[in-house]
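Note sheet for the following structure.
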Amino acid sequence: MRNIIYANREHEVLISTYIQLACDFAKEVSTKSKYNDYLDVADLIFEYHNNYGNSIDRQNWCDWIMIIPINMTVMTNGFFAGISKRNTQANINSYKLVLDNMLEDVVKKVTEMKIPIDD
């Protein structure tokens, strides 16, 4: 996976923990091939995040810090929908619930971060 640009240490801890959890869940319920496809799409999200962050200012600060959590959630839920089978449905539903709860926590904490841009 691509190296990710973070706003600060708090942002790094929150986002990297969320990414790791989402990836672990996806890996557990999929084949190696499907999981590699999942990682390829995640890498596109990280690339977009890094490139978007090259010109951070007050207008796009919130947009930038929310790219990974929001897009990882949408991607992971779509991935789960695509691979869901009767024998994995219970695990997937549990994982979705955990990720949704964690997303709420991450979004709350990330939106409370101070903008590191001078006036």
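Chain identifiers are assigned as A, B, and so on, following the order in which chains appear in the structure tokens; residues are numbered from 1 within each chain, and ligands are numbered from 1 in order of appearance.
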Excluding same-chain residues fewer than 2 positions from segment 42-56 of chain A, what lies within 8 Å of it counting only C-alpha atoms, as a list in words?
Met1, Arg2, Asn3, Ile4, Ile5, Tyr38, Leu39, Asp40, Arg58, Gln59, Asn60, Trp61, Trp64, Ile67, Ile68, Asn71, Met72 and Met75 of chain A
Output as a Markdown table one row per residue of segment 25-98 of chain A within 7 Å of segment 102-111 of chain A: the closest atom pair and its distance in Å to one decimal place, counting only C-alpha atoms, sorted by chain and residue number ascending.
```
| residue | atom | partner | partner_atom | distance |
| --- | --- | --- | --- | --- |
| A:Cys62 | CA | A:Thr111 | CA | 6.9 |
| A:Pro69 | CA | A:Leu103 | CA | 6.8 |
| A:Val98 | CA | A:Met102 | CA | 6.1 |
```
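Relative to atom CA of Tyr18 of chain A, atom CA of Asn87 of chain A is found at 25.1 Å.
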Could you tell me how far atom CA of Thr73 of chain A lies from atom CA of Leu21 of chain A, in Å and to one decimal?
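Calculated distance between atom CA of Thr73 of chain A and atom CA of Leu21 of chain A is 11.0 Å.
Between atom CA of His11 of chain A and atom CA of Val29 of chain A lies a distance of 27.6 Å.
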Excluding same-chain residues fewer than 5 positions from Asn8 of chain A, what lies within 12 Å of it counting only C-alpha atoms, as a list of chain:residue names?
A:Val13, A:Leu14, A:Ile15, A:Ser16, A:Ile65, A:Val110, A:Met113, A:Lys114, A:Ile115, A:Pro116
Got time to write the residues from that selection, C-alpha atoms, as a compact mmCIF listing (two decimals), in the first residue's frame?
```
# COMPACT_ATOMS: atom_id res chain seq x y z
CA VAL A 13 -3.44 7.08 14.62
CA LEU A 14 -7.17 7.48 13.93
CA ILE A 15 -6.98 6.88 10.20
CA SER A 16 -4.37 4.11 10.20
CA ILE A 65 -9.15 14.89 6.29
CA VAL A 110 -11.16 14.28 13.00
CA MET A 113 -8.94 18.81 14.89
CA LYS A 114 -7.53 22.29 14.56
CA ILE A 115 -6.66 23.54 11.10
CA PRO A 116 -2.84 23.82 10.96
```
